[in-house]
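Participant: To be precise about what I am sending: the file is called query_2.txt and holds compact mmCIF, C-alpha atoms.
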```txt
# COMPACT_ATOMS: atom_id res chain seq x y z
CA MET A 1 -6.17 14.18 16.76
CA LYS A 2 -4.18 11.01 16.24
CA ASN A 3 -0.77 11.30 17.87
CA ILE A 4 1.03 8.02 17.30
CA VAL A 5 4.22 6.55 18.73
CA ILE A 6 5.78 4.25 16.15
CA PHE A 7 7.88 1.78 18.02
CA GLY A 8 10.43 -0.90 17.22
CA ALA A 9 14.09 -1.77 17.24
CA PRO A 10 16.53 0.05 14.96
CA GLY A 11 15.87 -1.21 11.42
CA SER A 12 12.29 -2.35 12.09
CA GLY A 13 10.84 -0.05 9.39
CA LYS A 14 9.64 2.89 11.50
CA GLY A 15 10.78 5.50 8.97
CA THR A 16 9.36 3.66 5.97
CA GLN A 17 5.97 3.10 7.61
CA SER A 18 5.92 6.68 8.95
CA ASP A 19 6.32 8.00 5.39
CA LEU A 20 3.32 5.93 4.27
CA MET A 21 1.19 7.14 7.23
CA ILE A 22 2.09 10.76 6.50
CA LYS A 23 0.96 10.40 2.87
CA LYS A 24 -2.31 8.65 3.73
CA TYR A 25 -3.37 10.49 6.90
CA GLY A 26 -1.69 13.91 6.66
CA LEU A 27 0.09 13.40 9.96
CA GLY A 28 3.10 15.39 11.05
CA HIS A 29 6.33 13.51 11.71
CA ILE A 30 8.94 13.97 14.37
CA SER A 31 11.89 11.68 13.87
CA THR A 32 14.35 12.19 16.68
CA GLY A 33 17.03 10.68 14.45
CA ASP A 34 16.36 13.20 11.65
CA VAL A 35 16.20 16.11 14.12
CA LEU A 36 19.49 15.06 15.71
CA ARG A 37 21.24 14.37 12.38
CA SER A 38 20.21 17.85 11.22
CA GLU A 39 21.71 19.39 14.37
CA ILE A 40 24.90 17.35 13.90
CA LYS A 41 25.18 18.34 10.23
CA SER A 42 24.70 22.01 11.16
CA GLY A 43 27.46 21.70 13.76
CA THR A 44 25.36 23.18 16.57
CA GLU A 45 26.32 22.70 20.21
CA LEU A 46 23.39 20.31 20.57
CA GLY A 47 24.63 18.46 17.50
CA LYS A 48 28.14 18.11 18.91
CA THR A 49 26.78 16.86 22.24
CA ALA A 50 24.37 14.45 20.51
CA LYS A 51 27.11 13.10 18.21
CA GLY A 52 29.15 12.02 21.23
CA TYR A 53 26.24 9.97 22.56
CA ILE A 54 25.22 8.54 19.17
CA ASP A 55 28.75 7.53 18.16
CA ASN A 56 28.92 5.48 21.35
CA GLY A 57 25.51 3.88 20.74
CA GLN A 58 24.02 5.72 23.76
CA LEU A 59 20.73 7.55 24.23
CA ILE A 60 20.43 11.35 24.35
CA PRO A 61 19.57 12.71 27.85
CA ASP A 62 15.80 12.96 28.44
CA GLU A 63 15.50 16.68 29.28
CA LEU A 64 17.36 17.55 26.09
CA MET A 65 15.13 15.37 23.89
CA VAL A 66 11.84 16.46 25.48
CA SER A 67 12.62 20.15 25.05
CA ILE A 68 13.62 19.59 21.40
CA LEU A 69 10.45 17.57 20.74
CA ALA A 70 8.19 20.11 22.46
CA SER A 71 9.59 22.83 20.22
CA VAL A 72 9.15 20.77 17.03
CA TYR A 73 5.66 19.60 18.12
CA ASP A 74 4.52 23.18 18.78
CA GLY A 75 5.66 24.07 15.26
CA PHE A 76 2.75 22.02 13.84
CA GLY A 77 0.25 24.44 15.41
CA HIS A 78 -2.69 23.58 17.65
CA ASP A 79 -5.13 22.09 15.11
CA HIS A 80 -3.02 19.48 13.29
CA GLU A 81 -4.26 15.97 12.38
CA GLY A 82 -1.73 14.37 14.69
CA VAL A 83 1.98 13.63 14.82
CA ILE A 84 4.00 10.45 14.50
CA PHE A 85 6.71 10.21 17.14
CA ASP A 86 9.47 8.14 15.54
CA GLY A 87 12.40 7.14 17.75
CA PHE A 88 10.91 8.62 20.90
CA PRO A 89 10.17 7.67 23.60
CA ARG A 90 12.90 5.10 24.19
CA THR A 91 12.58 4.74 27.95
CA ILE A 92 9.73 4.75 30.47
CA PRO A 93 10.79 8.16 31.88
CA GLN A 94 10.70 9.53 28.31
CA ALA A 95 7.21 8.07 27.78
CA GLU A 96 6.06 9.73 31.00
CA ALA A 97 7.67 13.03 29.93
CA LEU A 98 6.00 12.82 26.48
CA LYS A 99 2.64 12.10 28.10
CA ALA A 100 3.09 15.12 30.41
CA MET A 101 4.26 17.41 27.57
CA LEU A 102 1.22 16.49 25.46
CA ALA A 103 -1.16 16.77 28.43
CA GLU A 104 0.05 20.36 29.00
CA ARG A 105 -1.30 21.06 25.50
CA GLY A 106 -4.54 19.15 26.03
CA HIS A 107 -3.34 16.31 23.79
CA GLY A 108 -2.32 12.69 24.22
CA VAL A 109 -0.97 9.63 22.42
CA ALA A 110 -3.76 7.76 20.62
CA ALA A 111 -1.73 4.63 19.81
CA MET A 112 1.65 3.02 20.16
CA ILE A 113 2.27 0.93 17.05
CA GLU A 114 4.97 -1.68 17.68
CA LEU A 115 6.79 -3.13 14.66
CA GLU A 116 8.38 -6.43 15.62
CA VAL A 117 11.20 -7.83 13.45
CA PRO A 118 13.59 -10.74 14.28
CA GLU A 119 17.10 -9.69 15.32
CA ASP A 120 18.94 -11.35 12.40
CA GLU A 121 16.73 -9.43 9.96
CA LEU A 122 17.37 -6.16 11.85
CA MET A 123 21.14 -6.66 11.55
CA ALA A 124 20.90 -7.39 7.81
CA ARG A 125 18.67 -4.34 7.19
CA LEU A 126 20.89 -1.97 9.18
CA ILE A 127 24.14 -3.13 7.59
CA LYS A 128 22.56 -2.73 4.14
CA ARG A 129 21.24 0.75 5.09
CA GLY A 130 24.72 1.75 6.26
CA GLN A 131 26.24 0.64 2.97
CA GLU A 132 23.59 2.51 0.95
CA SER A 133 23.31 5.71 3.01
CA GLY A 134 26.74 6.08 4.52
CA ARG A 135 25.23 6.54 8.01
CA SER A 136 28.15 6.28 10.41
CA ASP A 137 26.02 4.57 13.08
CA ASP A 138 25.05 1.69 10.77
CA ASN A 139 28.14 -0.48 11.27
CA GLU A 140 28.12 -3.91 12.94
CA GLU A 141 29.74 -2.87 16.24
CA THR A 142 27.47 0.16 16.77
CA ILE A 143 24.39 -1.79 15.61
CA LYS A 144 25.07 -4.45 18.27
CA LYS A 145 25.37 -1.71 20.91
CA ARG A 146 22.15 -0.03 19.71
CA LEU A 147 20.23 -3.33 19.80
CA GLY A 148 21.60 -4.02 23.29
CA VAL A 149 20.40 -0.59 24.47
CA TYR A 150 17.04 -1.24 22.78
CA HIS A 151 16.54 -4.55 24.62
CA SER A 152 17.66 -3.28 28.03
CA GLN A 153 16.16 0.23 28.06
CA THR A 154 13.52 0.51 25.33
CA ALA A 155 11.74 -2.86 25.21
CA PRO A 156 10.18 -2.29 28.70
CA LEU A 157 8.01 0.38 27.02
CA ILE A 158 6.00 -2.42 25.42
CA ASP A 159 4.53 -3.31 28.83
CA TRP A 160 4.16 0.37 29.79
CA TYR A 161 2.07 1.13 26.69
CA GLU A 162 0.16 -2.14 27.16
CA LYS A 163 -0.87 -0.89 30.63
CA GLU A 164 -1.86 2.46 29.06
CA GLY A 165 -4.20 0.42 26.83
CA ILE A 166 -2.84 1.82 23.55
CA ARG A 167 -0.23 -0.76 22.42
CA HIS A 168 -0.82 -2.34 19.00
CA HIS A 169 1.56 -5.13 17.91
CA ILE A 170 2.36 -5.41 14.18
CA ASP A 171 4.46 -8.15 12.57
CA GLY A 172 7.12 -6.04 10.83
CA LEU A 173 8.53 -8.87 8.71
CA GLY A 174 7.19 -9.53 5.25
CA ASP A 175 5.35 -7.62 2.55
CA LEU A 176 5.44 -3.83 2.93
CA ASP A 177 1.82 -3.42 1.82
CA ARG A 178 0.59 -6.05 4.30
CA ILE A 179 2.47 -4.35 7.14
CA PHE A 180 1.05 -0.95 6.18
CA GLY A 181 -2.45 -2.46 5.87
CA ASP A 182 -2.17 -3.77 9.43
CA ILE A 183 -1.12 -0.29 10.60
CA CYS A 184 -4.02 1.35 8.73
CA ALA A 185 -6.46 -1.03 10.43
CA VAL A 186 -5.21 0.27 13.79
CA ILE A 187 -5.34 3.96 12.80
CA ASP A 188 -8.76 3.67 11.16
CA ASN A 189 -10.19 2.27 14.39
CA LEU A 190 -8.84 5.05 16.64
CA GLN A 191 -11.41 7.37 18.17
```
Just give me the structure of the file as structure tokens.

Facilitator:
Amino acid sequence: MKNIVIFGAPGSGKGTQSDLMIKKYGLGHISTGDVLRSEIKSGTELGKTAKGYIDNGQLIPDELMVSILASVYDGFGHDHEGVIFDGFPRTIPQAEALKAMLAERGHGVAAMIELEVPEDELMARLIKRGQESGRSDDNEETIKKRLGVYHSQTAPLIDWYEKEGIRHHIDGLGDLDRIFGDICAVIDNLQ
């Protein structure tokens, strides 16, 4: 089983690369952003609560996210090929909670794949995405807040996963096929 955390700042290409990994490796995909947007669109209580955090560029409380992810993860059944965690974890306590949740099921994270993209490129990608998709959180003010939260709360996970021995750095700038080839080299070498 190849459970993978795809990691990077907002706009680093996590969703795009996840789609390619799903096609090639048959992995499941849990995008916290997609799960939350679905809840918001449906107008559920969780969606209303989440919208308040997201609109302010803040992270969703850990217990809430872990219980949502556990439910979605269990929906893949016990004998799946693996799951890509996209947008989670974002903090060290979340990484510890994910590790514990998976361990309860006899599973673990095989790799953390970190997509690194320069900040000016992230801003350009996110502003363009907002114009194309109409996502309310892809505006310059909220993007700056999200990148600030990423640097202060999420970036420390790089060292945490390095200590776990499963961090794999990928240059996320440049040709899409080259980036995906670098990711495939990591996945193909997992035990």

Participant: Record the distance separating CA of Ala111 in chain A and CA of Phe88 in chain A, expressed in Å with one decimal.

Facilitator: 13.3 Å

Participant: Sorted by chain and rising residue number, which residues of range 96-165 of chain A lie within 8 Å of range 66-85 of chain A, and what are their closest atom pairs and distances in Å to one decimal, counting all atoms listed in the file, as JSON lines?

Facilitator:
```
{"residue": "A:Ala97", "atom": "CA", "partner": "A:Val66", "partner_atom": "CA", "distance": 7.0}
{"residue": "A:Leu98", "atom": "CA", "partner": "A:Val66", "partner_atom": "CA", "distance": 7.0}
{"residue": "A:Met101", "atom": "CA", "partner": "A:Ala70", "partner_atom": "CA", "distance": 7.0}
```

Participant: For the selection you just gave me, I'd like the residues written to a file as a compact mmCIF listing (two decimals), in the coordinates of the input, keeping C-alpha atoms.

Facilitator:
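out-v3.txt, freshly written:
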```txt
# COMPACT_ATOMS: atom_id res chain seq x y z
CA ALA A 97 7.67 13.03 29.93
CA LEU A 98 6.00 12.82 26.48
CA MET A 101 4.26 17.41 27.57
```

Participant: Between A:Leu27, A:Met123, A:Val186, A:Leu59, which residue has the minimum interatomic distance to Ile166 in chain A, considering only C-alpha atoms?

Facilitator: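 Ranking A:Leu27, A:Met123, A:Val186, A:Leu59 by distance to Ile166 in chain A, first place goes to A:Val186.
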
Participant: Give me the residues near range 14-24 of chain A as a list in words, where near means some atom within 8 Å (using only C-alpha atoms) and where sequence neighbours in that chain fewer than 4 positions away do not count.

Facilitator: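 Returned residues: Ile6, Phe7, Gly8, Gly28, His29, Ser31, Ile84, Asp86, Leu115, Phe180 and Cys184 of chain A.
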
Participant: If we count all atoms listed in the file and set the cut-off at 12 Å, which residues sit around Gly174 in chain A, ignoring sequence neighbours fewer than 2 positions away in its own chain? Please answer as a list of chain:residue names.

Facilitator: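 Everything that qualifies: A:Ser12, A:Gly13, A:Leu115, A:Glu116, A:Val117, A:Pro118, A:Glu121, A:Ile170, A:Asp171, A:Gly172, A:Leu176, A:Asp177, A:Arg178, A:Ile179, A:Phe180, A:Gly181, A:Asp182.
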
Participant: Which distance in Å separates CA of Glu45 in chain A and CA of Ala95 in chain A, to one decimal?

Facilitator: 25.2 Å

Participant: Which residue, A:Ala124, A:Asp62, A:Glu164, A:Lys48, has the smallest gap to Gly108 in chain A when you use only C-alpha atoms?

Facilitator: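 Ranked by minimum distance to Gly108 in chain A, first place goes to A:Glu164.
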
Participant: Quote the spacing between CA of Val109 in chain A and CA of Thr154 in chain A in Å to one decimal place.

Facilitator: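 So the answer is 17.4 Å.
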
Participant: Write out as a list in words each polymer residue whose atoms come within 8 Å of Lys145 in chain A, counting only C-alpha atoms; drop sequence neighbours fewer than 4 positions from it.

Facilitator: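 The filter keeps Gly57, Glu141 and Val149 of chain A.
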
Participant: Hey, which of A:Asp175, A:Gly52, A:Gly106, A:Ile143 ends up closest to Lys128 in chain A? Count only C-alpha atoms.

Facilitator: A:Ile143

Participant: Residues near Asp55 in chain A, anyone? I mean within 8 Å using all atoms listed in the file, not counting same-chain ones fewer than 2 positions away, as a short mmCIF file (atom, residue, chain, number, x, y, z; two decimals) with C-alpha atoms, keeping the file's coordinate frame.

Facilitator:
```
data_model
loop_
_atom_site.label_atom_id
_atom_site.label_comp_id
_atom_site.auth_asym_id
_atom_site.auth_seq_id
_atom_site.Cartn_x
_atom_site.Cartn_y
_atom_site.Cartn_z
CA LYS A 51 27.11 13.10 18.21
CA GLY A 52 29.15 12.02 21.23
CA TYR A 53 26.24 9.97 22.56
CA GLY A 57 25.51 3.88 20.74
CA GLN A 58 24.02 5.72 23.76
CA SER A 136 28.15 6.28 10.41
CA ASP A 137 26.02 4.57 13.08
CA THR A 142 27.47 0.16 16.77
#
```

Participant: Go through A:Asp34, A:Glu104, A:Asp120, A:Glu114 one by one, measure the shortest atom-to-atom distance of each to Val5 in chain A using only C-alpha atoms, and give the residue with the smallest value.

Facilitator: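 Using only C-alpha atoms, the shortest distance to Val5 in chain A belongs to A:Glu114.
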
Participant: Name the closest residue to Asn56 in chain A among the candidates A:Arg129, A:Arg105, A:Arg146, A:His169; distances are taken between atoms, counting all atoms listed in the file.

Facilitator: A:Arg146

Participant: Between A:Gly87, A:Ala9, A:Tyr150, A:Lys2, which is the closest to Gly33 in chain A once you count all atoms listed in the file?

Facilitator: A:Gly87

Participant: Please complete range 140-151 of chain A so it has all heavy atoms, and hand it over as a PDB file, keeping the file's coordinate frame.

Facilitator:
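Generated output (rebuild_27.pdb):
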```pdb
ATOM      1  N   GLU A 140      28.478  -2.747  12.108  1.00  0.00           N
ATOM      2  CA  GLU A 140      28.120  -3.910  12.940  1.00  0.00           C
ATOM      3  C   GLU A 140      28.327  -3.680  14.434  1.00  0.00           C
ATOM      4  O   GLU A 140      27.463  -3.999  15.244  1.00  0.00           O
ATOM      5  CB  GLU A 140      28.871  -5.156  12.464  1.00  0.00           C
ATOM      6  CG  GLU A 140      28.327  -6.413  13.102  1.00  0.00           C
ATOM      7  CD  GLU A 140      28.778  -7.690  12.420  1.00  0.00           C
ATOM      8  OE1 GLU A 140      29.304  -7.628  11.288  1.00  0.00           O
ATOM      9  OE2 GLU A 140      28.585  -8.755  13.028  1.00  0.00           O
ATOM     10  N   GLU A 141      29.453  -3.074  14.810  1.00  0.00           N
ATOM     11  CA  GLU A 141      29.740  -2.870  16.240  1.00  0.00           C
ATOM     12  C   GLU A 141      28.707  -1.932  16.880  1.00  0.00           C
ATOM     13  O   GLU A 141      28.156  -2.225  17.942  1.00  0.00           O
ATOM     14  CB  GLU A 141      31.153  -2.289  16.399  1.00  0.00           C
ATOM     15  CG  GLU A 141      31.555  -2.109  17.849  1.00  0.00           C
ATOM     16  CD  GLU A 141      32.941  -1.497  17.978  1.00  0.00           C
ATOM     17  OE1 GLU A 141      33.779  -1.656  17.056  1.00  0.00           O
ATOM     18  OE2 GLU A 141      33.172  -0.856  19.013  1.00  0.00           O
ATOM     19  N   THR A 142      28.428  -0.798  16.220  1.00  0.00           N
ATOM     20  CA  THR A 142      27.470   0.160  16.770  1.00  0.00           C
ATOM     21  C   THR A 142      26.050  -0.410  16.740  1.00  0.00           C
ATOM     22  O   THR A 142      25.273  -0.180  17.666  1.00  0.00           O
ATOM     23  CB  THR A 142      27.541   1.505  16.007  1.00  0.00           C
ATOM     24  OG1 THR A 142      28.893   1.963  16.032  1.00  0.00           O
ATOM     25  CG2 THR A 142      26.654   2.549  16.639  1.00  0.00           C
ATOM     26  N   ILE A 143      25.717  -1.167  15.698  1.00  0.00           N
ATOM     27  CA  ILE A 143      24.390  -1.790  15.610  1.00  0.00           C
ATOM     28  C   ILE A 143      24.181  -2.721  16.814  1.00  0.00           C
ATOM     29  O   ILE A 143      23.133  -2.687  17.456  1.00  0.00           O
ATOM     30  CB  ILE A 143      24.215  -2.565  14.287  1.00  0.00           C
ATOM     31  CG1 ILE A 143      24.157  -1.592  13.108  1.00  0.00           C
ATOM     32  CG2 ILE A 143      22.957  -3.436  14.337  1.00  0.00           C
ATOM     33  CD1 ILE A 143      24.304  -2.267  11.750  1.00  0.00           C
ATOM     34  N   LYS A 144      25.194  -3.534  17.132  1.00  0.00           N
ATOM     35  CA  LYS A 144      25.070  -4.450  18.270  1.00  0.00           C
ATOM     36  C   LYS A 144      24.846  -3.668  19.568  1.00  0.00           C
ATOM     37  O   LYS A 144      24.022  -4.048  20.397  1.00  0.00           O
ATOM     38  CB  LYS A 144      26.302  -5.343  18.380  1.00  0.00           C
ATOM     39  CG  LYS A 144      26.306  -6.449  17.339  1.00  0.00           C
ATOM     40  CD  LYS A 144      27.518  -7.345  17.456  1.00  0.00           C
ATOM     41  CE  LYS A 144      27.480  -8.419  16.384  1.00  0.00           C
ATOM     42  NZ  LYS A 144      28.692  -9.210  16.345  1.00  0.00           N
ATOM     43  N   LYS A 145      25.564  -2.550  19.731  1.00  0.00           N
ATOM     44  CA  LYS A 145      25.370  -1.710  20.910  1.00  0.00           C
ATOM     45  C   LYS A 145      23.948  -1.141  20.939  1.00  0.00           C
ATOM     46  O   LYS A 145      23.286  -1.132  21.974  1.00  0.00           O
ATOM     47  CB  LYS A 145      26.365  -0.537  20.919  1.00  0.00           C
ATOM     48  CG  LYS A 145      27.765  -0.896  21.342  1.00  0.00           C
ATOM     49  CD  LYS A 145      28.599   0.387  21.390  1.00  0.00           C
ATOM     50  CE  LYS A 145      30.054   0.092  21.614  1.00  0.00           C
ATOM     51  NZ  LYS A 145      30.877   1.315  21.511  1.00  0.00           N
ATOM     52  N   ARG A 146      23.487  -0.637  19.781  1.00  0.00           N
ATOM     53  CA  ARG A 146      22.150  -0.030  19.710  1.00  0.00           C
ATOM     54  C   ARG A 146      21.061  -1.066  20.024  1.00  0.00           C
ATOM     55  O   ARG A 146      20.079  -0.750  20.702  1.00  0.00           O
ATOM     56  CB  ARG A 146      21.915   0.596  18.334  1.00  0.00           C
ATOM     57  CG  ARG A 146      22.741   1.872  18.138  1.00  0.00           C
ATOM     58  CD  ARG A 146      22.756   2.344  16.705  1.00  0.00           C
ATOM     59  NE  ARG A 146      21.434   2.668  16.223  1.00  0.00           N
ATOM     60  CZ  ARG A 146      21.079   2.616  14.948  1.00  0.00           C
ATOM     61  NH1 ARG A 146      21.933   2.229  14.016  1.00  0.00           N
ATOM     62  NH2 ARG A 146      19.859   2.946  14.580  1.00  0.00           N
ATOM     63  N   LEU A 147      21.224  -2.283  19.510  1.00  0.00           N
ATOM     64  CA  LEU A 147      20.230  -3.330  19.800  1.00  0.00           C
ATOM     65  C   LEU A 147      20.280  -3.725  21.274  1.00  0.00           C
ATOM     66  O   LEU A 147      19.236  -3.978  21.883  1.00  0.00           O
ATOM     67  CB  LEU A 147      20.444  -4.546  18.890  1.00  0.00           C
ATOM     68  CG  LEU A 147      20.087  -4.322  17.415  1.00  0.00           C
ATOM     69  CD1 LEU A 147      20.497  -5.529  16.572  1.00  0.00           C
ATOM     70  CD2 LEU A 147      18.606  -4.019  17.236  1.00  0.00           C
ATOM     71  N   GLY A 148      21.474  -3.735  21.857  1.00  0.00           N
ATOM     72  CA  GLY A 148      21.600  -4.020  23.290  1.00  0.00           C
ATOM     73  C   GLY A 148      20.890  -2.973  24.130  1.00  0.00           C
ATOM     74  O   GLY A 148      20.163  -3.288  25.085  1.00  0.00           O
ATOM     75  N   VAL A 149      21.084  -1.695  23.778  1.00  0.00           N
ATOM     76  CA  VAL A 149      20.400  -0.590  24.470  1.00  0.00           C
ATOM     77  C   VAL A 149      18.888  -0.727  24.282  1.00  0.00           C
ATOM     78  O   VAL A 149      18.114  -0.555  25.227  1.00  0.00           O
ATOM     79  CB  VAL A 149      20.898   0.786  23.958  1.00  0.00           C
ATOM     80  CG1 VAL A 149      20.008   1.911  24.450  1.00  0.00           C
ATOM     81  CG2 VAL A 149      22.338   1.022  24.397  1.00  0.00           C
ATOM     82  N   TYR A 150      18.472  -1.064  23.060  1.00  0.00           N
ATOM     83  CA  TYR A 150      17.040  -1.240  22.780  1.00  0.00           C
ATOM     84  C   TYR A 150      16.446  -2.299  23.721  1.00  0.00           C
ATOM     85  O   TYR A 150      15.426  -2.062  24.362  1.00  0.00           O
ATOM     86  CB  TYR A 150      16.808  -1.633  21.318  1.00  0.00           C
ATOM     87  CG  TYR A 150      15.373  -2.017  21.055  1.00  0.00           C
ATOM     88  CD1 TYR A 150      14.400  -1.045  20.893  1.00  0.00           C
ATOM     89  CD2 TYR A 150      14.979  -3.357  21.026  1.00  0.00           C
ATOM     90  CE1 TYR A 150      13.072  -1.392  20.693  1.00  0.00           C
ATOM     91  CE2 TYR A 150      13.656  -3.708  20.826  1.00  0.00           C
ATOM     92  CZ  TYR A 150      12.710  -2.714  20.657  1.00  0.00           C
ATOM     93  OH  TYR A 150      11.389  -3.066  20.475  1.00  0.00           O
ATOM     94  N   HIS A 151      17.095  -3.456  23.803  1.00  0.00           N
ATOM     95  CA  HIS A 151      16.540  -4.550  24.620  1.00  0.00           C
ATOM     96  C   HIS A 151      16.543  -4.215  26.105  1.00  0.00           C
ATOM     97  O   HIS A 151      15.591  -4.543  26.810  1.00  0.00           O
ATOM     98  CB  HIS A 151      17.293  -5.861  24.358  1.00  0.00           C
ATOM     99  CG  HIS A 151      17.038  -6.415  22.991  1.00  0.00           C
ATOM    100  ND1 HIS A 151      15.776  -6.739  22.542  1.00  0.00           N
ATOM    101  CD2 HIS A 151      17.878  -6.678  21.959  1.00  0.00           C
ATOM    102  CE1 HIS A 151      15.845  -7.184  21.303  1.00  0.00           C
ATOM    103  NE2 HIS A 151      17.106  -7.152  20.926  1.00  0.00           N
TER     104      HIS A 151
END
```
